[in-house]
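Quick notes on the structure that follows.
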Amino acid sequence: MTAGTASPTIAGALAAARERLCAVAAGESRLESELLLAEATRRDRAQLIASLQAPLARAQAVRFDALLARRLAHEPLAYILGRREFYGIEIACDRRALIPRPETELLVDLALAELRARGAGLRVVDVGTGSGAIACAIAARAPAARVTAVDASSEALGLARENVGALALDGRVGVRRGELLDGAGVFDAIVANLPYVSEAEWRTLQPEVRDFEPKEALVPGPAGTEAIARLVAHAPAHLAEAGLLALEIGATQAAACAAIARARFPGAVVSVMKDLAGHERVLVVRR
Ligand SMILES: C[S@@+](CC[C@H](N)C(=O)[O-])C[C@H]1O[C@@H](n2cnc3c(N)ncnc32)[C@H](O)[C@@H]1O
């Protein structure tokens, strides 16, 4: 904007940003431009839409340009905004941990259903908690649950602790550093979204994921099933009688993971649940 030129309106800035964002966020360019401009103008999205004809102040335009440049360099929206909604709660996000995904909400559904079926006092562990999203969502919806959140990454745990504090869940979610279930007790429900991407698949991922999210949160080893297999091997000693083990898996891993679970839990009921996109997504073991 040069001296003497009229300030652009919010509507004009949005239209220009949508066009630029098509290159990195084709189907989402409208939503993403609105969320970024809402952030730059310190409004919420509804207020932004109600102000389409308002002028964009110079400082707001500068802030918007900086946010847009980050998104055009493929940084994920959740890292730019510093947050993502998960199971109806706001989870702070940054490069210390994976951004929680909608399909992972299935694990929360399963743990909450288990809680309703078994009554108060359910002991739940979220293994590989990352940002703490799963643990926080369970604790927020189930005040009687005793939730433990474990991760091997001290960076991720720093973020998880911040989320637990921001959501006033201190004292309800215990956060600890650990390798899978080593040194952990016995739980009525073990839930985990561990890394399950193979090395070969990781190389094909979109830059938003491959270049920004922590590789150790995505890739456990060459095959992709290494961490899940190790957890299933350790789980029998940590799962209470009639307990639930629910693990997020890759869309092509159901048969391999079910076979591992049947070998480690003879006599248990092993099943696989699909996500909303129809992909086999969660391995469920009931003792
Ligand atoms: C796919 S991310 C999931 C994060 C979070 N649960 C979510 O759903 O958004 C996997 C997490 O598992 C952790 N992790 C990987 N291997 C682990 C291990 N052997 N023991 C404990 N945590 C591990 C990583 O540090 C990472 O935070």
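Residue names in the structure tokens use chain letters A, B, ... in the order shown, residue numbers from 1 in each chain, and ligand numbers from 1 in the order shown.
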
Within 10 Å of Lys274 (chain A) using only C-alpha atoms, minus same-chain residues under 5 positions, as a list in words: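 Once the adjacent positions are removed, what remains is Glu103, Leu106, Ala251, His279, Glu280, Arg281, Val282 and Leu283 of chain A.
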
Near-ligand residues for ligand 1, threshold 6 Å, only C-alpha atoms and all ligand atoms, as a count of residues only: 24

Every residue of region 69-138 of chain A that DSSP places in strand (DSSP E or B), as a PyMOL selection string: chain A and resi 83-86+89-92+123-127

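In this structure, CA of Ala255 (chain A) sits 24.6 Å away from CA of Val125 (chain A).
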
Neighbour list for Gln60 (chain A) as a list of chain:residue names, cut-off 9 Å, only C-alpha atoms, skip fewer than 5 positions in-chain: A:Leu37, A:Ala40, A:Thr41, A:Arg42, A:Asp65

Could you save the residues just selected, with N, CA and C atoms, as a PDB file, in the first residue's frame?
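Okay, this is what ended up in again.pdb:
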ATOM      1  N   LEU A  37      -6.522 -14.206   8.250  1.00  0.00           N
ATOM      2  CA  LEU A  37      -6.839 -12.775   8.355  1.00  0.00           C
ATOM      3  C   LEU A  37      -7.513 -12.469   9.701  1.00  0.00           C
ATOM      4  N   ALA A  40      -4.678 -12.090  11.955  1.00  0.00           N
ATOM      5  CA  ALA A  40      -3.923 -10.850  11.728  1.00  0.00           C
ATOM      6  C   ALA A  40      -4.683  -9.626  12.229  1.00  0.00           C
ATOM      7  N   THR A  41      -6.010  -9.687  12.189  1.00  0.00           N
ATOM      8  CA  THR A  41      -6.811  -8.528  12.613  1.00  0.00           C
ATOM      9  C   THR A  41      -7.342  -8.701  14.041  1.00  0.00           C
ATOM     10  N   ARG A  42      -6.941  -9.792  14.663  1.00  0.00           N
ATOM     11  CA  ARG A  42      -7.321 -10.088  16.059  1.00  0.00           C
ATOM     12  C   ARG A  42      -8.835 -10.089  16.238  1.00  0.00           C
ATOM     13  N   ASP A  65       0.373 -10.414   5.732  1.00  0.00           N
ATOM     14  CA  ASP A  65       1.384 -10.821   4.749  1.00  0.00           C
ATOM     15  C   ASP A  65       2.386 -11.794   5.362  1.00  0.00           C
TER      16      ASP A  65
END
